[in-house]
file my_file_13.pdb (PDB, C-alpha atoms and all ligand atoms)
MODEL        1
ATOM      1  CA  MET Y  13       0.000   0.000   0.000
ATOM      2  CA  VAL Y  14       1.242   3.498  -0.824
ATOM      3  CA  LYS Y  15       2.184   5.403   2.330
ATOM      4  CA  GLU Y  16       0.157   8.620   2.527
ATOM      5  CA  ASN Y  17       1.735  12.044   2.219
ATOM      6  CA  ALA Y  18       3.342  12.775   5.548
ATOM      7  CA  PRO Y  19       2.627  16.060   7.357
ATOM      8  CA  GLY Y  20       5.177  18.593   6.177
ATOM      9  CA  GLY Y  21       4.627  17.799   2.506
ATOM     10  CA  HIS Y  22       6.779  14.684   2.092
ATOM     11  CA  ASP Y  23       5.873  12.465  -0.843
ATOM     12  CA  ALA Y  24       4.181   9.127  -0.580
ATOM     13  CA  THR Y  25       6.745   6.423  -1.248
ATOM     14  CA  LEU Y  26       6.825   3.039  -2.948
ATOM     15  CA  ARG Y  27       8.790  -0.105  -2.203
ATOM     16  CA  LEU Y  28       9.876  -1.558  -5.537
ATOM     17  CA  THR Y  29      11.680  -4.592  -6.871
ATOM     18  CA  LEU Y  30      13.603  -3.808 -10.039
ATOM     19  CA  ARG Y  31      14.778  -6.356 -12.592
ATOM     20  CA  VAL Y  32      17.325  -4.422 -14.653
ATOM     21  CA  TRP Y  33      19.307  -5.631 -17.671
ATOM     22  CA  ARG Y  34      23.075  -5.755 -17.146
ATOM     23  CA  GLN Y  35      25.279  -6.239 -20.230
ATOM     24  CA  ARG Y  36      28.693  -5.320 -21.565
ATOM     25  CA  ARG Y  37      29.153  -4.717 -25.256
ATOM     26  CA  GLY Y  38      29.487  -7.927 -27.263
ATOM     27  CA  GLN Y  39      28.845 -10.136 -24.239
ATOM     28  CA  PRO Y  40      25.690 -11.909 -23.138
ATOM     29  CA  GLY Y  41      23.519 -10.016 -20.672
ATOM     30  CA  ALA Y  42      21.227 -10.960 -17.797
ATOM     31  CA  PHE Y  43      18.739  -9.401 -15.406
ATOM     32  CA  GLU Y  44      19.867  -8.256 -11.967
ATOM     33  CA  GLU Y  45      17.306  -7.853  -9.199
ATOM     34  CA  HIS Y  46      17.446  -4.962  -6.721
ATOM     35  CA  THR Y  47      15.075  -3.517  -4.150
ATOM     36  CA  LEU Y  48      14.419   0.166  -3.537
ATOM     37  CA  ALA Y  49      12.765   0.820  -0.189
ATOM     38  CA  ALA Y  50      11.343   4.343  -0.520
ATOM     39  CA  VAL Y  51      10.820   5.787  -4.001
ATOM     40  CA  PRO Y  52       8.852   9.068  -3.946
ATOM     41  CA  THR Y  53       5.739   8.848  -6.104
ATOM     42  CA  SER Y  54       6.612  12.297  -7.476
ATOM     43  CA  ALA Y  55       9.942  11.026  -8.842
ATOM     44  CA  SER Y  56      10.299  10.497 -12.572
ATOM     45  CA  PHE Y  57      11.347   7.062 -13.824
ATOM     46  CA  LEU Y  58      14.870   8.376 -14.499
ATOM     47  CA  GLU Y  59      15.058   9.848 -10.999
ATOM     48  CA  MET Y  60      14.082   6.419  -9.673
ATOM     49  CA  MET Y  61      16.975   4.962 -11.728
ATOM     50  CA  ASP Y  62      19.245   7.631 -10.217
ATOM     51  CA  LEU Y  63      18.171   6.457  -6.744
ATOM     52  CA  LEU Y  64      18.983   2.879  -7.693
ATOM     53  CA  ASN Y  65      22.425   3.898  -8.989
ATOM     54  CA  GLU Y  66      23.160   5.945  -5.835
ATOM     55  CA  GLN Y  67      22.238   2.899  -3.750
ATOM     56  CA  LEU Y  68      24.566   0.710  -5.864
ATOM     57  CA  VAL Y  69      27.461   3.190  -5.633
ATOM     58  CA  ARG Y  70      27.047   3.451  -1.840
ATOM     59  CA  ALA Y  71      27.292  -0.344  -1.694
ATOM     60  CA  GLY Y  72      30.473  -0.294  -3.802
ATOM     61  CA  LYS Y  73      28.698  -1.784  -6.838
ATOM     62  CA  GLU Y  74      28.623  -0.668 -10.445
ATOM     63  CA  PRO Y  75      25.757   1.652 -11.430
ATOM     64  CA  PHE Y  76      23.616   0.889 -14.479
ATOM     65  CA  ALA Y  77      24.400   2.796 -17.678
ATOM     66  CA  PHE Y  78      21.383   4.466 -19.264
ATOM     67  CA  ASP Y  79      20.909   7.277 -21.777
ATOM     68  CA  HIS Y  80      19.257  10.561 -20.854
ATOM     69  CA  ASP Y  81      19.670  14.234 -21.572
ATOM     70  CA  CYS Y  82      16.826  16.783 -21.535
ATOM     71  CA  ARG Y  83      14.545  14.914 -19.105
ATOM     72  CA  GLU Y  84      11.628  16.873 -20.520
ATOM     73  CA  GLY Y  85      10.495  14.793 -23.486
ATOM     74  CA  ILE Y  86      12.315  16.559 -26.310
ATOM     75  CA  CYS Y  87      15.713  14.934 -26.942
ATOM     76  CA  GLY Y  88      14.706  11.289 -27.433
ATOM     77  CA  MET Y  89      17.604   9.876 -25.417
ATOM     78  CA  CYS Y  90      15.751   8.029 -22.634
ATOM     79  CA  SER Y  91      15.500   4.661 -24.341
ATOM     80  CA  MET Y  92      14.177   2.099 -21.881
ATOM     81  CA  THR Y  93      11.746  -0.734 -22.254
ATOM     82  CA  ILE Y  94       9.643  -0.820 -19.089
ATOM     83  CA  ASN Y  95       7.579  -3.925 -18.378
ATOM     84  CA  GLY Y  96       7.887  -4.885 -22.056
ATOM     85  CA  MET Y  97       6.791  -1.495 -23.414
ATOM     86  CA  PRO Y  98       9.154   1.093 -24.908
ATOM     87  CA  HIS Y  99       8.858   4.209 -22.687
ATOM     88  CA  GLY Y 100       6.555   2.297 -20.336
ATOM     89  CA  PRO Y 101       2.812   1.933 -19.972
ATOM     90  CA  LEU Y 102       1.496   5.460 -20.589
ATOM     91  CA  PRO Y 103       0.647   6.494 -24.174
ATOM     92  CA  GLY Y 104       2.318   9.650 -25.448
ATOM     93  CA  VAL Y 105       4.865   9.783 -22.621
ATOM     94  CA  THR Y 106       8.655   9.398 -22.745
ATOM     95  CA  THR Y 107      10.521   7.524 -20.009
ATOM     96  CA  CYS Y 108      11.774  10.808 -18.539
ATOM     97  CA  GLN Y 109       8.217  12.147 -18.277
ATOM     98  CA  LEU Y 110       6.837   8.960 -16.709
ATOM     99  CA  HIS Y 111       6.292   9.358 -12.974
ATOM    100  CA  MET Y 112       6.402   6.739 -10.275
ATOM    101  CA  ARG Y 113       2.838   7.525  -9.156
ATOM    102  CA  ASN Y 114       1.832   5.349 -12.126
ATOM    103  CA  PHE Y 115       3.239   2.260 -10.385
ATOM    104  CA  ARG Y 116       1.973   0.324  -7.360
ATOM    105  CA  ASP Y 117       3.643  -0.164  -4.014
ATOM    106  CA  GLY Y 118       5.348  -3.589  -3.934
ATOM    107  CA  GLU Y 119       5.433  -3.827  -7.740
ATOM    108  CA  THR Y 120       8.204  -5.591  -9.652
ATOM    109  CA  ILE Y 121       9.334  -3.523 -12.635
ATOM    110  CA  THR Y 122      11.397  -4.981 -15.485
ATOM    111  CA  VAL Y 123      13.737  -2.554 -17.258
ATOM    112  CA  GLU Y 124      15.468  -3.480 -20.522
ATOM    113  CA  PRO Y 125      17.289  -1.702 -23.353
ATOM    114  CA  TRP Y 126      15.702  -1.237 -26.778
ATOM    115  CA  ARG Y 127      15.671  -4.674 -28.409
ATOM    116  CA  ALA Y 128      16.523  -4.364 -32.119
ATOM    117  CA  ARG Y 129      19.247  -5.742 -34.361
ATOM    118  CA  ALA Y 130      20.102  -2.253 -35.623
ATOM    119  CA  PHE Y 131      20.457  -0.936 -32.042
ATOM    120  CA  PRO Y 132      23.212  -3.087 -30.470
ATOM    121  CA  VAL Y 133      23.644  -2.760 -26.716
ATOM    122  CA  LEU Y 134      26.591  -0.556 -25.737
ATOM    123  CA  ARG Y 135      26.222  -1.191 -22.037
ATOM    124  CA  ASP Y 136      23.285  -2.159 -19.818
ATOM    125  CA  LEU Y 137      20.363   0.027 -20.978
ATOM    126  CA  ALA Y 138      22.312   2.201 -23.439
ATOM    127  CA  VAL Y 139      22.142   1.200 -27.111
ATOM    128  CA  ASP Y 140      23.938   2.401 -30.225
ATOM    129  CA  ARG Y 141      21.448   4.460 -32.250
ATOM    130  CA  SER Y 142      23.960   5.712 -34.818
ATOM    131  CA  GLY Y 143      21.822   4.000 -37.486
ATOM    132  CA  PHE Y 144      19.381   6.890 -37.061
ATOM    133  CA  ASP Y 145      22.229   9.391 -37.473
ATOM    134  CA  LYS Y 146      23.208   7.747 -40.760
ATOM    135  CA  VAL Y 147      19.619   8.050 -42.026
ATOM    136  CA  ILE Y 148      19.546  11.753 -41.132
ATOM    137  CA  GLN Y 149      22.976  12.328 -42.695
ATOM    138  CA  ALA Y 150      21.647  10.781 -45.931
ATOM    139  CA  GLY Y 151      18.830  13.286 -46.410
ATOM    140  CA  GLY Y 152      17.330  14.763 -43.260
ATOM    141  CA  PHE Y 153      18.260  18.320 -44.196
ATOM    142  CA  ILE Y 154      17.729  21.043 -46.800
ATOM    143  CA  SER Y 155      20.884  21.953 -48.725
ATOM    144  CA  VAL Y 156      19.406  24.204 -51.423
ATOM    145  CA  ARG Y 157      19.742  27.879 -50.681
ATOM    146  CA  THR Y 158      16.361  29.161 -49.521
ATOM    147  CA  GLY Y 159      17.512  32.692 -48.740
ATOM    148  CA  SER Y 160      16.758  34.595 -45.586
ATOM    149  CA  ALA Y 161      13.418  34.222 -43.837
ATOM    150  CA  PRO Y 162      10.793  35.741 -46.163
ATOM    151  CA  GLU Y 163       7.766  37.720 -45.099
ATOM    152  CA  ALA Y 164       5.320  34.994 -44.078
ATOM    153  CA  ASN Y 165       2.558  35.929 -46.513
ATOM    154  CA  THR Y 166       4.860  35.688 -49.543
ATOM    155  CA  LEU Y 167       5.228  31.921 -49.092
ATOM    156  CA  PRO Y 168       1.742  30.689 -48.364
ATOM    157  CA  VAL Y 169       1.547  27.083 -47.195
ATOM    158  CA  PRO Y 170      -1.983  25.674 -46.872
ATOM    159  CA  LYS Y 171      -2.885  25.155 -43.214
ATOM    160  CA  PRO Y 172      -3.484  21.365 -43.520
ATOM    161  CA  VAL Y 173      -0.065  20.961 -45.196
ATOM    162  CA  ALA Y 174       1.688  23.046 -42.540
ATOM    163  CA  ASP Y 175      -0.104  21.082 -39.797
ATOM    164  CA  ALA Y 176       0.911  17.712 -41.306
ATOM    165  CA  ALA Y 177       4.550  18.829 -41.655
ATOM    166  CA  MET Y 178       4.681  20.141 -38.084
ATOM    167  CA  ASP Y 179       3.002  16.999 -36.719
ATOM    168  CA  ALA Y 180       5.710  14.905 -38.419
ATOM    169  CA  ALA Y 181       8.400  17.270 -37.083
ATOM    170  CA  GLU Y 182       7.435  16.233 -33.558
ATOM    171  CA  CYS Y 183       9.493  13.042 -33.954
ATOM    172  CA  ILE Y 184      12.315  13.154 -31.401
ATOM    173  CA  GLY Y 185      14.299  10.243 -32.864
ATOM    174  CA  CYS Y 186      13.958   8.119 -29.754
ATOM    175  CA  GLY Y 187      13.743   4.752 -31.511
ATOM    176  CA  ALA Y 188      10.715   3.399 -29.641
ATOM    177  CA  CYS Y 189       9.114   2.656 -33.009
ATOM    178  CA  VAL Y 190      12.024   0.374 -33.924
ATOM    179  CA  ALA Y 191      12.098  -1.264 -30.488
ATOM    180  CA  SER Y 192       8.372  -2.025 -30.554
ATOM    181  CA  CYS Y 193       8.317  -3.449 -34.092
ATOM    182  CA  LYS Y 194       8.802  -7.180 -34.525
ATOM    183  CA  ASN Y 195      10.666  -6.402 -37.772
ATOM    184  CA  GLY Y 196      12.864  -3.751 -36.147
ATOM    185  CA  SER Y 197      11.568  -1.357 -38.794
ATOM    186  CA  ALA Y 198      12.480   2.334 -38.796
ATOM    187  CA  MET Y 199       9.754   3.272 -41.281
ATOM    188  CA  LEU Y 200       7.862   5.465 -38.789
ATOM    189  CA  PHE Y 201      10.988   7.467 -37.992
ATOM    190  CA  VAL Y 202      12.086   7.798 -41.644
ATOM    191  CA  GLY Y 203       8.511   8.534 -42.715
ATOM    192  CA  ALA Y 204       8.298  11.331 -40.146
ATOM    193  CA  LYS Y 205      11.544  12.934 -41.313
ATOM    194  CA  VAL Y 206      10.675  12.634 -45.024
ATOM    195  CA  THR Y 207       7.135  13.925 -44.476
ATOM    196  CA  HIS Y 208       8.305  16.889 -42.422
ATOM    197  CA  LEU Y 209      10.742  18.094 -45.104
ATOM    198  CA  ASN Y 210       9.079  16.957 -48.347
ATOM    199  CA  LEU Y 211       5.749  18.620 -47.565
ATOM    200  CA  LEU Y 212       7.202  22.110 -47.243
ATOM    201  CA  PRO Y 213       8.211  24.305 -50.228
ATOM    202  CA  GLN Y 214      11.784  24.575 -48.934
ATOM    203  CA  GLY Y 215      12.133  20.771 -48.950
ATOM    204  CA  ALA Y 216      10.436  20.109 -52.296
ATOM    205  CA  PRO Y 217      13.436  20.592 -54.660
ATOM    206  CA  GLU Y 218      15.316  17.706 -52.990
ATOM    207  CA  ALA Y 219      12.280  15.550 -52.200
ATOM    208  CA  ASP Y 220      13.077  12.718 -54.608
ATOM    209  CA  ARG Y 221      16.743  12.484 -53.705
ATOM    210  CA  ARG Y 222      15.875  12.659 -50.001
ATOM    211  CA  ALA Y 223      13.311   9.837 -50.086
ATOM    212  CA  VAL Y 224      15.608   7.465 -51.999
ATOM    213  CA  ALA Y 225      18.740   8.292 -49.978
ATOM    214  CA  MET Y 226      17.048   7.947 -46.587
ATOM    215  CA  VAL Y 227      15.405   4.634 -47.469
ATOM    216  CA  ARG Y 228      18.765   3.309 -48.739
ATOM    217  CA  ALA Y 229      20.501   4.436 -45.540
ATOM    218  CA  MET Y 230      17.733   2.812 -43.485
ATOM    219  CA  ASP Y 231      18.232  -0.520 -45.280
ATOM    220  CA  ASP Y 232      22.039  -0.269 -45.023
ATOM    221  CA  ALA Y 233      21.821   0.361 -41.261
ATOM    222  CA  GLY Y 234      20.045  -2.982 -40.807
ATOM    223  CA  PHE Y 235      16.506  -1.838 -39.999
ATOM    224  CA  GLY Y 236      13.695  -4.141 -41.091
ATOM    225  CA  ASN Y 237      10.760  -3.303 -43.300
ATOM    226  CA  CYS Y 238       7.169  -2.480 -42.423
ATOM    227  CA  THR Y 239       4.441  -5.115 -42.448
ATOM    228  CA  ASN Y 240       1.738  -2.828 -41.043
ATOM    229  CA  TYR Y 241       1.512  -4.172 -37.488
ATOM    230  CA  GLY Y 242       1.173  -0.657 -36.108
ATOM    231  CA  GLU Y 243       3.123  -1.258 -32.896
ATOM    232  CA  CYS Y 244       5.317   1.733 -33.789
ATOM    233  CA  GLN Y 245       2.325   4.066 -33.814
ATOM    234  CA  ALA Y 246       1.031   2.600 -30.545
ATOM    235  CA  HIS Y 247       4.334   3.215 -28.730
ATOM    236  CA  CYS Y 248       5.471   6.478 -30.311
ATOM    237  CA  PRO Y 249       5.578   9.054 -27.494
ATOM    238  CA  LYS Y 250       4.952  11.885 -29.968
ATOM    239  CA  GLY Y 251       1.826  10.549 -31.670
ATOM    240  CA  ILE Y 252       3.418  10.017 -35.111
ATOM    241  CA  THR Y 253       0.907   8.016 -37.133
ATOM    242  CA  LEU Y 254       1.173   5.409 -39.890
ATOM    243  CA  ASP Y 255       0.188   8.117 -42.405
ATOM    244  CA  VAL Y 256       3.852   9.089 -42.619
ATOM    245  CA  ILE Y 257       4.760   5.565 -43.755
ATOM    246  CA  ALA Y 258       2.171   5.769 -46.547
ATOM    247  CA  ARG Y 259       3.662   9.114 -47.589
ATOM    248  CA  LEU Y 260       7.199   7.731 -47.466
ATOM    249  CA  ASN Y 261       6.191   4.805 -49.702
ATOM    250  CA  ARG Y 262       4.499   7.181 -52.137
ATOM    251  CA  ASP Y 263       7.441   9.603 -52.250
ATOM    252  CA  TYR Y 264       9.939   6.758 -52.632
ATOM    253  CA  LEU Y 265       8.009   5.027 -55.427
ATOM    254  CA  GLY Y 266       7.430   8.329 -57.237
ATOM    255  CA  ALA Y 267      11.125   9.195 -56.973
ATOM    256  CA  ARG Y 268      12.208   5.816 -58.347
ATOM    257  CA  LEU Y 269       9.772   6.043 -61.272
ATOM    258  CA  ARG Y 270      10.828   9.598 -62.108
ATOM    259  CA  GLY Y 271      14.468   8.505 -61.915
ATOM    260  CA  PHE Y 272      13.766   5.519 -64.192
ATOM    261  CA  PHE Y 273      12.015   7.591 -66.862
ATOM    262  CA  ALA Y 274      14.688  10.267 -66.661
ATOM    263  CA  SER Y 275      17.421   7.668 -67.219
ATOM    264  CA  THR Y 276      15.641   5.998 -70.176
ATOM    265  CA  GLY Y 277      14.532   9.220 -71.792
ATOM    266  CA  LYS Y 278      10.993   7.840 -72.083
ATOM    267  CA  PRO Y 279       8.258  10.382 -71.517
ATOM    268  CA  ARG Y 280       6.344  10.159 -68.257
ATOM    269  CA  ARG Y 281       2.601  10.041 -68.136
ATOM    270  CA  GLY Y 282       1.312  13.432 -69.281
ATOM    271  CA  GLY Y 283       4.359  13.924 -71.491
ATOM    272  CA  ASP Y 284       6.353  16.044 -68.996
TER     273      ASP Y 284
HETATM  274  S1  LIG Y 301       8.534   8.137 -34.846
HETATM  275 FE1  LIG Y 301       7.995   8.292 -32.639
HETATM  276  S2  LIG Y 301       8.846   6.426 -31.724
HETATM  277 FE2  LIG Y 301       9.869   6.692 -33.711
HETATM  278  S3  LIG Y 301      11.744   7.842 -33.317
HETATM  279 FE3  LIG Y 301      10.139   9.367 -33.818
HETATM  280  S4  LIG Y 301       9.266   9.955 -31.829
HETATM  281 FE4  LIG Y 301      10.409   8.044 -31.450
HETATM  282  S1  LIG Y 302      15.650  12.473 -21.648
HETATM  283 FE1  LIG Y 302      15.165  13.751 -23.382
HETATM  284  S2  LIG Y 302      13.295  12.864 -24.122
HETATM  285 FE2  LIG Y 302      13.703  11.777 -22.299
ENDMDL
END

call {"tool": "encode", "arguments": {"input": "my_file_13.pdb", "output": "structure tokens", "more": "lines below"}}
Ligand code: SF4
Ligand code: FES
result
Amino acid sequence: MVKENAPGGHDATLRLTLRVWRQRRGQPGAFEEHTLAAVPTSASFLEMMDLLNEQLVRAGKEPFAFDHDCREGICGMCSMTINGMPHGPLPGVTTCQLHMRNFRDGETITVEPWRARAFPVLRDLAVDRSGFDKVIQAGGFISVRTGSAPEANTLPVPKPVADAAMDAAECIGCGACVASCKNGSAMLFVGAKVTHLNLLPQGAPEADRRAVAMVRAMDDAGFGNCTNYGECQAHCPKGITLDVIARLNRDYLGARLRGFFASTGKPRRGGD
């Protein structure tokens, strides 16, 4: 039972058993079990992990390695699978924004790294997500000169298009989509990046090259393909939807066809 808030404003606390993955790079890993006696319900999940590490250090043991940075849901670093779910049980919430009041006193919580072939474990809960960096380096940018910021009304973008681009831009590159997919697919991530840039006028001149290059980089980095299970959408903390995968497929196919007709000199439909 959760102990009630004590007079003087102290938090209620939880007694927890934690099963946490311990692994060194290239070696087999295993779960280690630890108990934390008094975790404040107001603590975030990462703060709870800090408490565990402080307890381990005080006992002369090695703390667990885990990634984190902003701790406010914007950097995408806090990659942990909690009770089998990337970022834990709450929809639309990153690990750093998950609070311990969402767990029960006496609960056993299992904490693992992202599980995906393209994200090898570096140590304990930290994985190598450089595959995402390679995808971004292949096309997640605008290199054409777009000049200085124009007066807003001279570059009208229809509201639904601007909304769709900004929704896709919410992707924080956390990798939960890959970790939740049985194929280890990065299509939701790549679809979000391609959609964000290709929809806007500044991104249009390089749209074809971007779609092809990012899909190639995704394949080269060892990510799997999409078979429409939708786990990525269910676990994405930023609400990116499968629509971006449909757009990615359309942009990629269009780019390949345009490239094919350009290389053969055959006219495209409509004679352009
Ligand atoms: S699409 Fe969602 S789950 Fe995938 S990297 Fe972006 S924010 Fe994370
Ligand atoms: S630590 Fe930055 S999103 Fe969680």

call {"tool": "residues_around", "arguments": {"input": "my_file_13.pdb", "residues": "range 83-94 of chain Y", "least_positions_apart": "5", "cutoff": "12 Å", "atoms": "all atoms listed in the file", "output": "NGL selection string"}}
result
:Y and (30-33 or 55-59 or 61 or 77-78 or 99-102 or 104-111 or 115 or 120-128 or 131 or 133 or 136-141 or 144 or 181-192 or 201 or 247-250)

call {"tool": "atom_distance", "arguments": {"input": "my_file_13.pdb", "atom1": "CA of Leu68 in chain Y", "atom2": "CA of Arg34 in chain Y"}}
result
13.1 Å

call {"tool": "closest_residue", "arguments": {"input": "my_file_13.pdb", "among": "Y:Glu163, Y:Asp175, Y:Asp220, Y:Asp145", "to": "ligand LIG 301 (chain Y)", "atoms": "all atoms listed in the file"}}
result
Y:Asp145

call {"tool": "atom_distance", "arguments": {"input": "my_file_13.pdb", "atom1": "CA of Gly118 in chain Y", "atom2": "CA of Met60 in chain Y"}}
result
14.5 Å

call {"tool": "atom_distance", "arguments": {"input": "my_file_13.pdb", "atom1": "CA of Pro75 in chain Y", "atom2": "CA of Pro40 in chain Y"}}
result
17.9 Å

call {"tool": "closest_residue", "arguments": {"input": "my_file_13.pdb", "among": "Y:Thr29, Y:Leu48, Y:Glu243, Y:Leu209", "to": "Met97 in chain Y", "atoms": "only C-alpha atoms"}}
result
Y:Glu243

call {"tool": "resolve_selection", "arguments": {"input": "my_file_13.pdb", "expression": "the PyMOL selection byres (((chain Y and resi 148-153) around 8) and not hetatm)", "output": "PyMOL selection string"}}
result
chain Y and resi 144-147+154-155+205-206+209+221-223+225-226+229

call {"tool": "axis_aligned_box", "arguments": {"input": "my_file_13.pdb", "around": "ligand LIG 301 (chain Y)", "padding_each_side": "4 Å", "output": "JSON"}}
result
{"center_x": 9.9, "center_y": 8.2, "center_z": -33.1, "size_x": 11.7, "size_y": 11.5, "size_z": 11.4}

call {"tool": "residues_around", "arguments": {"input": "my_file_13.pdb", "residues": "Leu167 in chain Y", "least_positions_apart": "4", "cutoff": "12 Å", "atoms": "only C-alpha atoms", "output": "MDAnalysis selection string"}}
result
chainID Y and resid 158 161:163 174 212:214

call {"tool": "write_last_selection", "arguments": {"input": "my_file_13.pdb", "atoms": "C-alpha atoms", "output": "CSV table (one decimal), in the coordinates of the input"}}
result
chain,number,residue,atom,x,y,z
Y,158,THR,CA,16.4,29.2,-49.5
Y,161,ALA,CA,13.4,34.2,-43.8
Y,162,PRO,CA,10.8,35.7,-46.2
Y,163,GLU,CA,7.8,37.7,-45.1
Y,174,ALA,CA,1.7,23.0,-42.5
Y,212,LEU,CA,7.2,22.1,-47.2
Y,213,PRO,CA,8.2,24.3,-50.2
Y,214,GLN,CA,11.8,24.6,-48.9

call {"tool": "resolve_selection", "arguments": {"input": "my_file_13.pdb", "expression": "the PyMOL selection byres (((chain Y and resi 268) around 12) and not hetatm)", "output": "list in words"}}
result
Ala219, Asp220, Arg221, Arg222, Ala223, Val224, Ala225, Val227, Arg228, Asn261, Arg262, Asp263, Tyr264, Leu265, Gly266, Ala267, Leu269, Arg270, Gly271, Phe272, Phe273, Ala274 and Ser275 of chain Y

call {"tool": "closest_residue", "arguments": {"input": "my_file_13.pdb", "among": "Y:Ala180, Y:Ala258, Y:Ile252, Y:Ala233", "to": "Thr207 in chain Y", "atoms": "only C-alpha atoms"}}
result
Y:Ala180

call {"tool": "closest_residue", "arguments": {"input": "my_file_13.pdb", "among": "Y:Glu45, Y:Asp62, Y:His80, Y:Val51", "to": "ligand LIG 302 (chain Y)", "atoms": "only C-alpha atoms and all ligand atoms"}}
result
Y:His80

call {"tool": "build_atoms", "arguments": {"input": "my_file_13.pdb", "residues": "range 79-99 of chain Y", "atoms": "N, CA and C atoms", "output": "tab-separated table (two decimals), in the coordinates of the input"}}
result
chain	number	residue	atom	x	y	z
Y	79	ASP	N	20.85	6.01	-21.05
Y	79	ASP	CA	20.91	7.28	-21.78
Y	79	ASP	C	19.85	8.25	-21.26
Y	80	HIS	N	20.22	9.51	-21.20
Y	80	HIS	CA	19.26	10.56	-20.85
Y	80	HIS	C	19.90	11.89	-21.18
Y	81	ASP	N	19.10	12.91	-21.35
Y	81	ASP	CA	19.67	14.23	-21.57
Y	81	ASP	C	18.70	15.31	-21.07
Y	82	CYS	N	17.67	15.63	-21.88
Y	82	CYS	CA	16.83	16.78	-21.54
Y	82	CYS	C	15.93	16.52	-20.32
Y	83	ARG	N	15.50	15.31	-20.16
Y	83	ARG	CA	14.54	14.91	-19.10
Y	83	ARG	C	13.24	15.70	-19.18
Y	84	GLU	N	12.92	16.20	-20.36
Y	84	GLU	CA	11.63	16.87	-20.52
Y	84	GLU	C	10.95	16.51	-21.84
Y	85	GLY	N	11.26	15.33	-22.36
Y	85	GLY	CA	10.50	14.79	-23.49
Y	85	GLY	C	10.83	15.36	-24.85
Y	86	ILE	N	12.03	15.96	-25.01
Y	86	ILE	CA	12.32	16.56	-26.31
Y	86	ILE	C	13.57	16.03	-26.99
Y	87	CYS	N	14.46	15.33	-26.29
Y	87	CYS	CA	15.71	14.93	-26.94
Y	87	CYS	C	15.68	13.51	-27.48
Y	88	GLY	N	14.82	12.67	-26.95
Y	88	GLY	CA	14.71	11.29	-27.43
Y	88	GLY	C	15.76	10.34	-26.91
Y	89	MET	N	16.51	10.73	-25.89
Y	89	MET	CA	17.60	9.88	-25.42
Y	89	MET	C	17.16	8.75	-24.48
Y	90	CYS	N	16.08	8.93	-23.75
Y	90	CYS	CA	15.75	8.03	-22.63
Y	90	CYS	C	15.12	6.72	-23.13
Y	91	SER	N	15.97	5.90	-23.71
Y	91	SER	CA	15.50	4.66	-24.34
Y	91	SER	C	15.47	3.51	-23.33
Y	92	MET	N	14.32	3.25	-22.78
Y	92	MET	CA	14.18	2.10	-21.88
Y	92	MET	C	12.88	1.38	-22.18
Y	93	THR	N	12.95	0.07	-22.13
Y	93	THR	CA	11.75	-0.73	-22.25
Y	93	THR	C	11.31	-1.11	-20.84
Y	94	ILE	N	10.12	-0.66	-20.46
Y	94	ILE	CA	9.64	-0.82	-19.09
Y	94	ILE	C	8.45	-1.77	-19.10
Y	95	ASN	N	8.61	-2.88	-18.38
Y	95	ASN	CA	7.58	-3.92	-18.38
Y	95	ASN	C	7.15	-4.29	-19.80
Y	96	GLY	N	8.13	-4.42	-20.68
Y	96	GLY	CA	7.89	-4.88	-22.06
Y	96	GLY	C	7.44	-3.81	-23.02
Y	97	MET	N	7.28	-2.57	-22.54
Y	97	MET	CA	6.79	-1.50	-23.41
Y	97	MET	C	7.83	-0.38	-23.53
Y	98	PRO	N	8.23	-0.03	-24.77
Y	98	PRO	CA	9.15	1.09	-24.91
Y	98	PRO	C	8.56	2.35	-24.29
Y	99	HIS	N	9.29	3.01	-23.43
Y	99	HIS	CA	8.86	4.21	-22.69
Y	99	HIS	C	7.79	3.89	-21.64
